[in-house]
Amino acid sequence: MKNLSVLASLLGLAAASSAVNVPGTNLEARQDPDDLLIFVCNDGLDEICTNMCYGAFCAGIGSSLQYDQPDSATKRNRRKAAGCIASGGNRCSTKKGHASGFQCDEYPFASSVPTGGSNTRLNRCVPADQNRKQGGLISAFYRSSYCMGNNGGKCQFNVEFSNAGNIMYCDQQNCDADDDNEVIGPGGTANDGDSADDGTDDDPDAGQKKRTTKKRTGLGKRLPGAPVYRTSSGLELDLPRGAQIGQRAFVVLPRNATLWDEQAQFGNPNRMRALDEDEDEEDEDYEYMLANLELREDTIVEEITPGV
Ligand SMILES: *[C@@H]1O[C@H](CO)[C@@H](O)[C@H](O)[C@H]1NC(C)=O
């Protein structure tokens, strides 16, 4: 938000931004609109969006994150805390009886901390290609001039979800759904060398609390029509929680969607061996995807359709 007023006056939008759009009264108005990293969820990202929305809106983690440039040990500890590292493979592994082709997706990202103070880290088993797409999107965003030049590269942002109308939790509803695939991590840190250290490995869910936090308080139900905004590059995005004119809105889009699907399906072509179960796709080099990903460092320029 710090940059917003500067940005707004630079753009001569000070007057416009003072007439802040107020989304539907039943929606939680964004208190401190930070720069947005927008996931276009219907672009084959439904499962990772489901997980991010659950973490952000149902588990009390919130949508405001900071990329804090963690070293690999820190990221490993976070993956452990999220429940994605377990002896003999995490719960999404075929070694633990899960269907093949899935990976353990964490929220918040192992590369980030939530700025709202929550210590919760959780996981969902998602199709591997979606997890790789998410890795590519985040990786492209972290390399943006905004992120690199912000607070020594430790940029802060809000994850936001457009085109997520059919995606569970993104409408801030159904947080009480009986969803065994949302698992709150055990917390704690990973041991050196790992693995078995907590005795819970035979039953991936044992000792892990599920949905002990339900943070829908005051959010109410989503109104039928989310407001739609136009960004500076001409994208038209529905942002259910509202946005402000002049707010930055980063969107990463594939240049060739077919190629992106292939890249996500097969993973890093330069990797000489398969990932071990405890390794993190987020540590993978996403260079192979980046040339095919276009980062739009947009701003919100217009509200096209108000929330109703
Ligand atoms: C997009 O990628 C696919 C798959 O690699 C390729 O066959 C196709 O020619 C590409 N399309 C364009 C317009 O480059």
# chains A, B, ... in the order shown; residues from 1 in each chain; ligands from 1
call {"tool": "residues_near_ligand", "arguments": {"ligand": "ligand 1", "cutoff": "8 Å", "atoms": "only C-alpha atoms and all ligand atoms", "output": "list of chain:residue names"}}
result
A:Asn256, A:Ala257, A:Thr258, A:Leu259, A:Trp260, A:Glu262
call {"tool": "residues_around", "arguments": {"residues": "Gly165 (chain A)", "least_positions_apart": "3", "cutoff": "9 Å", "atoms": "only C-alpha atoms", "output": "PyMOL selection string"}}
result
chain A and resi 41-42+162+168+170-171
call {"tool": "residues_around", "arguments": {"residues": "region 117-126 of chain A", "least_positions_apart": "3", "cutoff": "7 Å", "atoms": "only C-alpha atoms", "output": "VMD selection string"}}
result
chain A and resid 47 to 48 51 61 81 to 84 92 102 to 108 114 130 to 131 181 to 185
call {"tool": "write_last_selection", "arguments": {"atoms": "N, CA, C and O atoms", "output": "compact mmCIF listing (two decimals), in the first residue's frame"}}
result
# COMPACT_ATOMS: atom_id res chain seq x y z
N GLU A 47 -7.07 -26.92 -8.74
CA GLU A 47 -6.69 -27.56 -7.47
C GLU A 47 -5.73 -26.69 -6.65
O GLU A 47 -5.81 -26.64 -5.43
N ILE A 48 -4.80 -26.02 -7.33
CA ILE A 48 -3.91 -25.16 -6.54
C ILE A 48 -4.65 -23.93 -6.04
O ILE A 48 -4.38 -23.43 -4.95
N ASN A 51 -6.51 -24.92 -2.95
CA ASN A 51 -5.65 -24.97 -1.77
C ASN A 51 -5.29 -23.58 -1.25
O ASN A 51 -5.35 -23.32 -0.05
N ILE A 61 -4.98 -18.08 7.40
CA ILE A 61 -3.60 -17.69 7.06
C ILE A 61 -3.59 -16.34 6.37
O ILE A 61 -2.64 -15.57 6.52
N ALA A 81 6.79 -28.42 8.17
CA ALA A 81 5.72 -27.85 8.99
C ALA A 81 4.37 -27.95 8.30
O ALA A 81 3.33 -28.08 8.94
N ALA A 82 4.38 -27.90 6.98
CA ALA A 82 3.13 -27.98 6.22
C ALA A 82 2.64 -29.40 6.06
O ALA A 82 1.53 -29.64 5.59
N GLY A 83 3.47 -30.37 6.44
CA GLY A 83 3.08 -31.77 6.31
C GLY A 83 3.50 -32.38 4.98
O GLY A 83 3.01 -33.46 4.62
N CYS A 84 4.40 -31.74 4.26
CA CYS A 84 4.81 -32.27 2.96
C CYS A 84 6.12 -33.05 3.03
O CYS A 84 6.61 -33.51 1.99
N CYS A 92 1.06 -37.58 -0.32
CA CYS A 92 0.65 -37.54 -1.73
C CYS A 92 1.46 -38.51 -2.58
O CYS A 92 1.27 -38.59 -3.80
N PHE A 102 0.53 -37.02 -8.36
CA PHE A 102 0.19 -35.92 -7.46
C PHE A 102 1.43 -35.42 -6.72
O PHE A 102 2.40 -36.16 -6.55
N GLN A 103 1.35 -34.19 -6.30
CA GLN A 103 2.39 -33.63 -5.45
C GLN A 103 1.75 -32.90 -4.28
O GLN A 103 0.58 -32.53 -4.31
N CYS A 104 2.57 -32.71 -3.27
CA CYS A 104 2.10 -32.08 -2.04
C CYS A 104 2.27 -30.56 -2.19
O CYS A 104 3.39 -30.06 -2.28
N ASP A 105 1.16 -29.87 -2.23
CA ASP A 105 1.17 -28.42 -2.44
C ASP A 105 0.94 -27.72 -1.11
O ASP A 105 0.00 -28.04 -0.40
N GLU A 106 1.78 -26.77 -0.80
CA GLU A 106 1.67 -26.09 0.50
C GLU A 106 1.06 -24.71 0.36
O GLU A 106 1.24 -24.04 -0.65
N TYR A 107 0.42 -24.31 1.39
CA TYR A 107 0.07 -22.90 1.55
C TYR A 107 0.34 -22.53 3.00
O TYR A 107 -0.09 -23.27 3.88
N PRO A 108 1.00 -21.43 3.27
CA PRO A 108 1.62 -20.54 2.28
C PRO A 108 2.81 -21.19 1.59
O PRO A 108 3.30 -22.21 2.07
N PRO A 114 3.36 -15.68 5.80
CA PRO A 114 2.17 -14.83 5.81
C PRO A 114 2.44 -13.60 6.66
O PRO A 114 3.09 -13.70 7.71
N GLN A 130 -0.24 -29.15 -12.15
CA GLN A 130 -0.72 -27.88 -11.57
C GLN A 130 0.31 -27.31 -10.59
O GLN A 130 0.52 -26.10 -10.52
N ASN A 131 0.92 -28.19 -9.84
CA ASN A 131 1.92 -27.73 -8.89
C ASN A 131 3.11 -27.09 -9.63
O ASN A 131 3.65 -26.07 -9.21
N ASN A 181 -8.79 -33.67 1.89
CA ASN A 181 -7.56 -33.32 1.19
C ASN A 181 -6.97 -31.99 1.62
O ASN A 181 -6.01 -31.50 1.04
N GLU A 182 -7.57 -31.37 2.62
CA GLU A 182 -6.94 -30.18 3.20
C GLU A 182 -6.42 -30.57 4.58
O GLU A 182 -7.20 -30.88 5.47
N VAL A 183 -5.12 -30.60 4.71
CA VAL A 183 -4.52 -31.09 5.94
C VAL A 183 -3.59 -30.02 6.53
O VAL A 183 -2.65 -29.57 5.87
N ILE A 184 -3.91 -29.65 7.75
CA ILE A 184 -3.04 -28.71 8.45
C ILE A 184 -1.75 -29.43 8.83
O ILE A 184 -1.79 -30.54 9.35
N GLY A 185 -0.62 -28.83 8.56
CA GLY A 185 0.66 -29.45 8.86
C GLY A 185 0.92 -29.52 10.35
O GLY A 185 0.26 -28.83 11.14
call {"tool": "atom_distance", "arguments": {"atom1": "CA of Ala190 (chain A)", "atom2": "CA of Asn77 (chain A)"}}
result
4.8 Å
call {"tool": "closest_residue", "arguments": {"among": "A:Tyr67, A:Tyr169, A:Phe250, A:Tyr229", "to": "Ser144 (chain A)", "atoms": "only C-alpha atoms"}}
result
A:Phe250
call {"tool": "closest_residue", "arguments": {"among": "A:Val228, A:Leu290, A:Ile167, A:Ala128", "to": "Met52 (chain A)", "atoms": "only C-alpha atoms"}}
result
A:Ile167
call {"tool": "atom_distance", "arguments": {"atom1": "CA of Thr50 (chain A)", "atom2": "CA of Ser63 (chain A)"}}
result
13.0 Å
call {"tool": "select_by_dssp", "arguments": {"residues": "region 116-146 of chain A", "states": "strand (DSSP E)", "output": "PyMOL selection string"}}
result
chain A and resi 122-127
call {"tool": "select_by_dssp", "arguments": {"residues": "region 48-265 of chain A", "states": "alpha helix (DSSP H)", "output": "compact mmCIF listing (two decimals) with all heavy atoms, in the first residue's frame"}}
result
# COMPACT_ATOMS: atom_id res chain seq x y z
N ILE A 48 -4.80 -26.02 -7.33
CA ILE A 48 -3.91 -25.16 -6.54
C ILE A 48 -4.65 -23.93 -6.04
O ILE A 48 -4.38 -23.43 -4.95
CB ILE A 48 -2.63 -24.77 -7.31
CG1 ILE A 48 -2.94 -24.02 -8.59
CG2 ILE A 48 -1.74 -25.98 -7.55
CD1 ILE A 48 -1.75 -23.24 -9.12
N CYS A 49 -5.62 -23.46 -6.82
CA CYS A 49 -6.43 -22.34 -6.34
C CYS A 49 -7.27 -22.78 -5.14
O CYS A 49 -7.43 -22.03 -4.17
CB CYS A 49 -7.31 -21.79 -7.45
SG CYS A 49 -6.42 -20.72 -8.61
N THR A 50 -7.81 -23.99 -5.22
CA THR A 50 -8.58 -24.51 -4.10
C THR A 50 -7.74 -24.48 -2.83
O THR A 50 -8.20 -24.03 -1.77
CB THR A 50 -9.01 -25.97 -4.38
OG1 THR A 50 -9.82 -25.99 -5.55
CG2 THR A 50 -9.80 -26.55 -3.21
N ASN A 51 -6.51 -24.92 -2.95
CA ASN A 51 -5.65 -24.97 -1.77
C ASN A 51 -5.29 -23.58 -1.25
O ASN A 51 -5.35 -23.32 -0.05
CB ASN A 51 -4.37 -25.76 -2.09
CG ASN A 51 -3.61 -26.14 -0.83
OD1 ASN A 51 -4.21 -26.42 0.20
ND2 ASN A 51 -2.29 -26.13 -0.92
N MET A 52 -4.95 -22.69 -2.17
CA MET A 52 -4.60 -21.33 -1.74
C MET A 52 -5.80 -20.66 -1.09
O MET A 52 -5.67 -19.98 -0.07
CB MET A 52 -4.09 -20.50 -2.92
CG MET A 52 -2.72 -20.93 -3.43
SD MET A 52 -2.05 -19.82 -4.70
CE MET A 52 -2.94 -20.38 -6.15
N CYS A 53 -6.98 -20.84 -1.70
CA CYS A 53 -8.17 -20.20 -1.14
C CYS A 53 -8.53 -20.79 0.22
O CYS A 53 -8.92 -20.07 1.14
CB CYS A 53 -9.35 -20.34 -2.10
SG CYS A 53 -9.21 -19.29 -3.57
N SER A 72 17.60 -22.96 1.61
CA SER A 72 16.92 -24.23 1.36
C SER A 72 16.56 -24.94 2.66
O SER A 72 15.54 -25.63 2.73
CB SER A 72 17.78 -25.13 0.46
OG SER A 72 19.04 -25.31 1.02
N ALA A 73 17.37 -24.76 3.71
CA ALA A 73 17.03 -25.39 4.99
C ALA A 73 15.73 -24.82 5.55
O ALA A 73 14.88 -25.55 6.08
CB ALA A 73 18.17 -25.20 5.99
N THR A 74 15.57 -23.51 5.42
CA THR A 74 14.35 -22.88 5.90
C THR A 74 13.14 -23.36 5.11
O THR A 74 12.09 -23.68 5.69
CB THR A 74 14.47 -21.35 5.77
OG1 THR A 74 15.63 -20.93 6.50
CG2 THR A 74 13.23 -20.65 6.31
N LYS A 75 13.32 -23.45 3.81
CA LYS A 75 12.20 -23.93 3.00
C LYS A 75 11.84 -25.38 3.36
O LYS A 75 10.67 -25.75 3.42
CB LYS A 75 12.55 -23.84 1.51
CG LYS A 75 12.34 -22.45 0.95
CD LYS A 75 12.25 -22.47 -0.56
CE LYS A 75 13.62 -22.51 -1.19
NZ LYS A 75 13.58 -22.18 -2.63
N ARG A 76 12.88 -26.14 3.63
CA ARG A 76 12.64 -27.53 4.01
C ARG A 76 11.87 -27.60 5.32
O ARG A 76 10.92 -28.38 5.48
CB ARG A 76 13.98 -28.25 4.12
CG ARG A 76 13.86 -29.72 4.42
CD ARG A 76 15.25 -30.37 4.37
NE ARG A 76 15.18 -31.71 4.93
CZ ARG A 76 14.66 -32.75 4.30
NH1 ARG A 76 14.15 -32.60 3.10
NH2 ARG A 76 14.62 -33.93 4.88
N ASN A 77 12.24 -26.78 6.26
CA ASN A 77 11.52 -26.74 7.53
C ASN A 77 10.05 -26.36 7.31
O ASN A 77 9.15 -26.90 7.97
CB ASN A 77 12.17 -25.74 8.49
CG ASN A 77 13.42 -26.29 9.12
OD1 ASN A 77 13.61 -27.51 9.21
ND2 ASN A 77 14.30 -25.40 9.56
N ARG A 78 9.85 -25.45 6.41
CA ARG A 78 8.46 -25.02 6.15
C ARG A 78 7.66 -26.13 5.49
O ARG A 78 6.46 -26.30 5.77
CB ARG A 78 8.47 -23.76 5.28
CG ARG A 78 8.98 -22.55 6.04
CD ARG A 78 9.11 -21.35 5.15
NE ARG A 78 9.63 -20.21 5.89
CZ ARG A 78 10.05 -19.08 5.35
NH1 ARG A 78 9.98 -18.94 4.03
NH2 ARG A 78 10.51 -18.11 6.10
N ARG A 79 8.31 -26.87 4.62
CA ARG A 79 7.60 -27.99 3.97
C ARG A 79 7.25 -29.05 5.00
O ARG A 79 6.18 -29.65 4.95
CB ARG A 79 8.47 -28.59 2.86
CG ARG A 79 8.78 -27.62 1.74
CD ARG A 79 9.24 -28.35 0.49
NE ARG A 79 8.11 -29.05 -0.10
CZ ARG A 79 8.11 -30.33 -0.39
NH1 ARG A 79 9.16 -31.07 -0.16
NH2 ARG A 79 7.04 -30.88 -0.92
N LYS A 80 8.18 -29.24 5.91
CA LYS A 80 7.90 -30.19 6.99
C LYS A 80 6.73 -29.70 7.84
O LYS A 80 5.82 -30.46 8.18
CB LYS A 80 9.16 -30.32 7.86
CG LYS A 80 8.97 -31.06 9.14
CD LYS A 80 9.15 -32.54 8.98
CE LYS A 80 8.98 -33.23 10.32
NZ LYS A 80 9.32 -34.64 10.25
N ALA A 81 6.79 -28.42 8.17
CA ALA A 81 5.72 -27.85 8.99
C ALA A 81 4.37 -27.95 8.30
O ALA A 81 3.33 -28.08 8.94
CB ALA A 81 6.04 -26.39 9.33
N ALA A 82 4.38 -27.90 6.98
CA ALA A 82 3.13 -27.98 6.22
C ALA A 82 2.64 -29.40 6.06
O ALA A 82 1.53 -29.64 5.59
CB ALA A 82 3.32 -27.34 4.84
N ALA A 128 0.39 -33.07 -10.28
CA ALA A 128 1.75 -32.55 -10.37
C ALA A 128 1.87 -31.42 -11.39
O ALA A 128 2.61 -30.45 -11.17
CB ALA A 128 2.71 -33.69 -10.72
N ASP A 129 1.12 -31.52 -12.48
CA ASP A 129 1.27 -30.47 -13.50
C ASP A 129 0.78 -29.12 -12.97
O ASP A 129 1.37 -28.08 -13.27
CB ASP A 129 0.55 -30.85 -14.80
CG ASP A 129 -0.95 -31.03 -14.63
OD1 ASP A 129 -1.39 -31.44 -13.55
OD2 ASP A 129 -1.69 -30.74 -15.59
N GLN A 130 -0.24 -29.15 -12.15
CA GLN A 130 -0.72 -27.88 -11.57
C GLN A 130 0.31 -27.31 -10.59
O GLN A 130 0.52 -26.10 -10.52
CB GLN A 130 -2.05 -28.07 -10.86
CG GLN A 130 -3.19 -28.34 -11.83
CD GLN A 130 -4.56 -28.16 -11.18
OE1 GLN A 130 -4.71 -27.37 -10.24
NE2 GLN A 130 -5.55 -28.85 -11.69
N ASN A 131 0.92 -28.19 -9.84
CA ASN A 131 1.92 -27.73 -8.89
C ASN A 131 3.11 -27.09 -9.63
O ASN A 131 3.65 -26.07 -9.21
CB ASN A 131 2.40 -28.91 -8.04
CG ASN A 131 2.94 -28.46 -6.69
OD1 ASN A 131 2.43 -27.51 -6.09
ND2 ASN A 131 3.98 -29.13 -6.23
N ARG A 132 3.48 -27.69 -10.76
CA ARG A 132 4.58 -27.11 -11.55
C ARG A 132 4.17 -25.78 -12.15
O ARG A 132 4.97 -24.85 -12.22
CB ARG A 132 4.99 -28.08 -12.66
CG ARG A 132 5.61 -29.37 -12.14
CD ARG A 132 6.26 -30.17 -13.25
NE ARG A 132 6.70 -31.46 -12.73
CZ ARG A 132 6.08 -32.61 -12.97
NH1 ARG A 132 5.00 -32.64 -13.74
NH2 ARG A 132 6.53 -33.72 -12.44
N LYS A 133 2.93 -25.69 -12.60
CA LYS A 133 2.47 -24.41 -13.14
C LYS A 133 2.53 -23.32 -12.07
O LYS A 133 2.97 -22.20 -12.31
CB LYS A 133 1.04 -24.53 -13.67
CG LYS A 133 0.96 -25.22 -15.02
CD LYS A 133 -0.48 -25.24 -15.54
CE LYS A 133 -0.51 -25.85 -16.94
NZ LYS A 133 -1.89 -25.90 -17.48
N GLN A 134 2.10 -23.68 -10.89
CA GLN A 134 2.16 -22.72 -9.79
C GLN A 134 3.60 -22.30 -9.53
O GLN A 134 3.89 -21.12 -9.34
CB GLN A 134 1.55 -23.33 -8.53
CG GLN A 134 1.48 -22.36 -7.37
CD GLN A 134 0.95 -23.02 -6.10
OE1 GLN A 134 1.30 -24.17 -5.82
NE2 GLN A 134 0.14 -22.32 -5.36
N GLY A 135 4.50 -23.29 -9.56
CA GLY A 135 5.91 -22.96 -9.35
C GLY A 135 6.43 -22.00 -10.40
O GLY A 135 7.15 -21.05 -10.10
N GLY A 136 6.03 -22.22 -11.64
CA GLY A 136 6.46 -21.33 -12.72
C GLY A 136 5.90 -19.93 -12.56
O GLY A 136 6.60 -18.93 -12.74
N LEU A 137 4.63 -19.85 -12.18
CA LEU A 137 3.99 -18.54 -12.01
C LEU A 137 4.66 -17.74 -10.90
O LEU A 137 4.97 -16.56 -11.05
CB LEU A 137 2.50 -18.72 -11.67
CG LEU A 137 1.61 -19.39 -12.72
CD1 LEU A 137 0.21 -19.59 -12.17
CD2 LEU A 137 1.57 -18.54 -13.98
N ILE A 138 4.89 -18.42 -9.79
CA ILE A 138 5.50 -17.73 -8.65
C ILE A 138 6.93 -17.33 -8.99
O ILE A 138 7.38 -16.22 -8.69
CB ILE A 138 5.47 -18.65 -7.41
CG1 ILE A 138 4.02 -18.91 -6.99
CG2 ILE A 138 6.25 -18.03 -6.26
CD1 ILE A 138 3.89 -20.02 -5.96
N SER A 139 7.63 -18.25 -9.64
CA SER A 139 9.00 -17.98 -10.01
C SER A 139 9.10 -16.77 -10.94
O SER A 139 9.97 -15.91 -10.78
CB SER A 139 9.55 -19.24 -10.68
OG SER A 139 10.92 -19.16 -10.84
N ALA A 140 8.20 -16.69 -11.90
CA ALA A 140 8.19 -15.55 -12.82
C ALA A 140 7.91 -14.26 -12.06
O ALA A 140 8.54 -13.22 -12.31
CB ALA A 140 7.14 -15.76 -13.90
N PHE A 141 6.99 -14.33 -11.11
CA PHE A 141 6.67 -13.14 -10.32
C PHE A 141 7.86 -12.69 -9.47
O PHE A 141 8.16 -11.51 -9.39
CB PHE A 141 5.45 -13.42 -9.43
CG PHE A 141 5.16 -12.34 -8.44
CD1 PHE A 141 4.72 -11.09 -8.87
CD2 PHE A 141 5.33 -12.55 -7.08
CE1 PHE A 141 4.46 -10.07 -7.96
CE2 PHE A 141 5.06 -11.55 -6.16
CZ PHE A 141 4.62 -10.30 -6.60
N TYR A 142 8.55 -13.64 -8.84
CA TYR A 142 9.68 -13.28 -7.99
C TYR A 142 10.79 -12.60 -8.80
O TYR A 142 11.60 -11.87 -8.26
CB TYR A 142 10.25 -14.53 -7.31
CG TYR A 142 9.40 -15.07 -6.17
CD1 TYR A 142 9.63 -16.35 -5.69
CD2 TYR A 142 8.42 -14.31 -5.57
CE1 TYR A 142 8.87 -16.88 -4.64
CE2 TYR A 142 7.65 -14.83 -4.53
CZ TYR A 142 7.88 -16.11 -4.08
OH TYR A 142 7.13 -16.62 -3.05
N SER A 145 10.58 -6.99 -11.87
CA SER A 145 11.32 -5.84 -11.36
C SER A 145 10.69 -5.36 -10.06
O SER A 145 11.40 -4.90 -9.16
CB SER A 145 11.32 -4.72 -12.40
OG SER A 145 10.00 -4.39 -12.75
N TYR A 146 9.39 -5.51 -9.93
CA TYR A 146 8.73 -5.14 -8.69
C TYR A 146 9.31 -5.93 -7.52
O TYR A 146 9.70 -5.38 -6.49
CB TYR A 146 7.22 -5.38 -8.77
CG TYR A 146 6.57 -5.38 -7.40
CD1 TYR A 146 6.37 -4.19 -6.71
CD2 TYR A 146 6.22 -6.58 -6.77
CE1 TYR A 146 5.83 -4.18 -5.44
CE2 TYR A 146 5.68 -6.58 -5.50
CZ TYR A 146 5.49 -5.38 -4.84
OH TYR A 146 4.96 -5.40 -3.59
N CYS A 147 9.33 -7.24 -7.67
CA CYS A 147 9.79 -8.08 -6.56
C CYS A 147 11.28 -7.90 -6.29
O CYS A 147 11.70 -7.79 -5.15
CB CYS A 147 9.51 -9.55 -6.89
SG CYS A 147 8.47 -10.36 -5.68
N MET A 148 12.06 -7.83 -7.35
CA MET A 148 13.51 -7.70 -7.17
C MET A 148 13.87 -6.36 -6.53
O MET A 148 14.84 -6.26 -5.78
CB MET A 148 14.21 -7.81 -8.52
CG MET A 148 13.80 -9.02 -9.31
SD MET A 148 14.91 -10.40 -9.15
CE MET A 148 16.20 -9.92 -10.25
N ALA A 257 -0.25 -21.72 -24.50
CA ALA A 257 -0.88 -22.54 -23.45
C ALA A 257 -0.66 -24.03 -23.69
O ALA A 257 -0.51 -24.80 -22.73
CB ALA A 257 -2.37 -22.22 -23.37
N THR A 258 -0.62 -24.42 -24.94
CA THR A 258 -0.38 -25.84 -25.24
C THR A 258 1.01 -26.25 -24.78
O THR A 258 1.21 -27.30 -24.16
CB THR A 258 -0.51 -26.09 -26.76
OG1 THR A 258 -1.74 -25.54 -27.20
CG2 THR A 258 -0.46 -27.57 -27.08
N LEU A 259 1.97 -25.41 -25.09
CA LEU A 259 3.34 -25.69 -24.67
C LEU A 259 3.44 -25.72 -23.15
O LEU A 259 4.12 -26.56 -22.56
CB LEU A 259 4.28 -24.62 -25.25
CG LEU A 259 5.75 -24.70 -24.82
CD1 LEU A 259 6.35 -26.04 -25.22
CD2 LEU A 259 6.55 -23.56 -25.44
N TRP A 260 2.73 -24.81 -22.51
CA TRP A 260 2.79 -24.75 -21.04
C TRP A 260 2.24 -26.03 -20.44
O TRP A 260 2.79 -26.58 -19.48
CB TRP A 260 2.00 -23.54 -20.54
CG TRP A 260 2.33 -23.12 -19.14
CD1 TRP A 260 3.57 -23.14 -18.54
CD2 TRP A 260 1.41 -22.62 -18.17
NE1 TRP A 260 3.47 -22.66 -17.26
CE2 TRP A 260 2.16 -22.35 -17.00
CE3 TRP A 260 0.05 -22.37 -18.16
CZ2 TRP A 260 1.58 -21.82 -15.84
CZ3 TRP A 260 -0.53 -21.84 -17.00
CH2 TRP A 260 0.23 -21.57 -15.86
N ASP A 261 1.15 -26.51 -21.01
CA ASP A 261 0.58 -27.79 -20.55
C ASP A 261 1.62 -28.90 -20.66
O ASP A 261 1.77 -29.72 -19.75
CB ASP A 261 -0.65 -28.16 -21.39
CG ASP A 261 -1.87 -27.31 -21.04
OD1 ASP A 261 -1.86 -26.67 -19.97
OD2 ASP A 261 -2.82 -27.30 -21.83
N GLU A 262 2.32 -28.92 -21.78
CA GLU A 262 3.34 -29.96 -21.97
C GLU A 262 4.48 -29.81 -20.97
O GLU A 262 4.94 -30.78 -20.37
CB GLU A 262 3.90 -29.88 -23.40
CG GLU A 262 2.89 -30.28 -24.46
CD GLU A 262 3.42 -30.07 -25.88
OE1 GLU A 262 4.58 -29.61 -26.03
OE2 GLU A 262 2.66 -30.36 -26.81
N GLN A 263 4.92 -28.58 -20.80
CA GLN A 263 6.02 -28.35 -19.84
C GLN A 263 5.62 -28.79 -18.45
O GLN A 263 6.40 -29.40 -17.72
CB GLN A 263 6.38 -26.85 -19.84
CG GLN A 263 7.02 -26.37 -21.12
CD GLN A 263 7.19 -24.86 -21.15
OE1 GLN A 263 6.35 -24.12 -20.62
NE2 GLN A 263 8.26 -24.39 -21.77
N ALA A 264 4.38 -28.46 -18.08
CA ALA A 264 3.92 -28.79 -16.74
C ALA A 264 3.74 -30.29 -16.56
O ALA A 264 3.96 -30.84 -15.49
CB ALA A 264 2.61 -28.06 -16.44
N GLN A 265 3.36 -30.93 -17.64
CA GLN A 265 3.13 -32.37 -17.55
C GLN A 265 4.43 -33.13 -17.37
O GLN A 265 4.52 -34.08 -16.60
CB GLN A 265 2.41 -32.84 -18.82
CG GLN A 265 1.95 -34.27 -18.74
CD GLN A 265 1.27 -34.72 -20.03
OE1 GLN A 265 0.93 -33.91 -20.90
NE2 GLN A 265 1.08 -36.01 -20.15
call {"tool": "closest_residue", "arguments": {"among": "A:Ser112, A:Asn158, A:Asn270, A:Thr189", "to": "Ile85 (chain A)", "atoms": "only C-alpha atoms"}}
result
A:Thr189
call {"tool": "closest_residue", "arguments": {"among": "A:Pro240, A:Pro127, A:Gly97, A:Gly188", "to": "Glu160 (chain A)", "atoms": "only C-alpha atoms"}}
result
A:Pro240
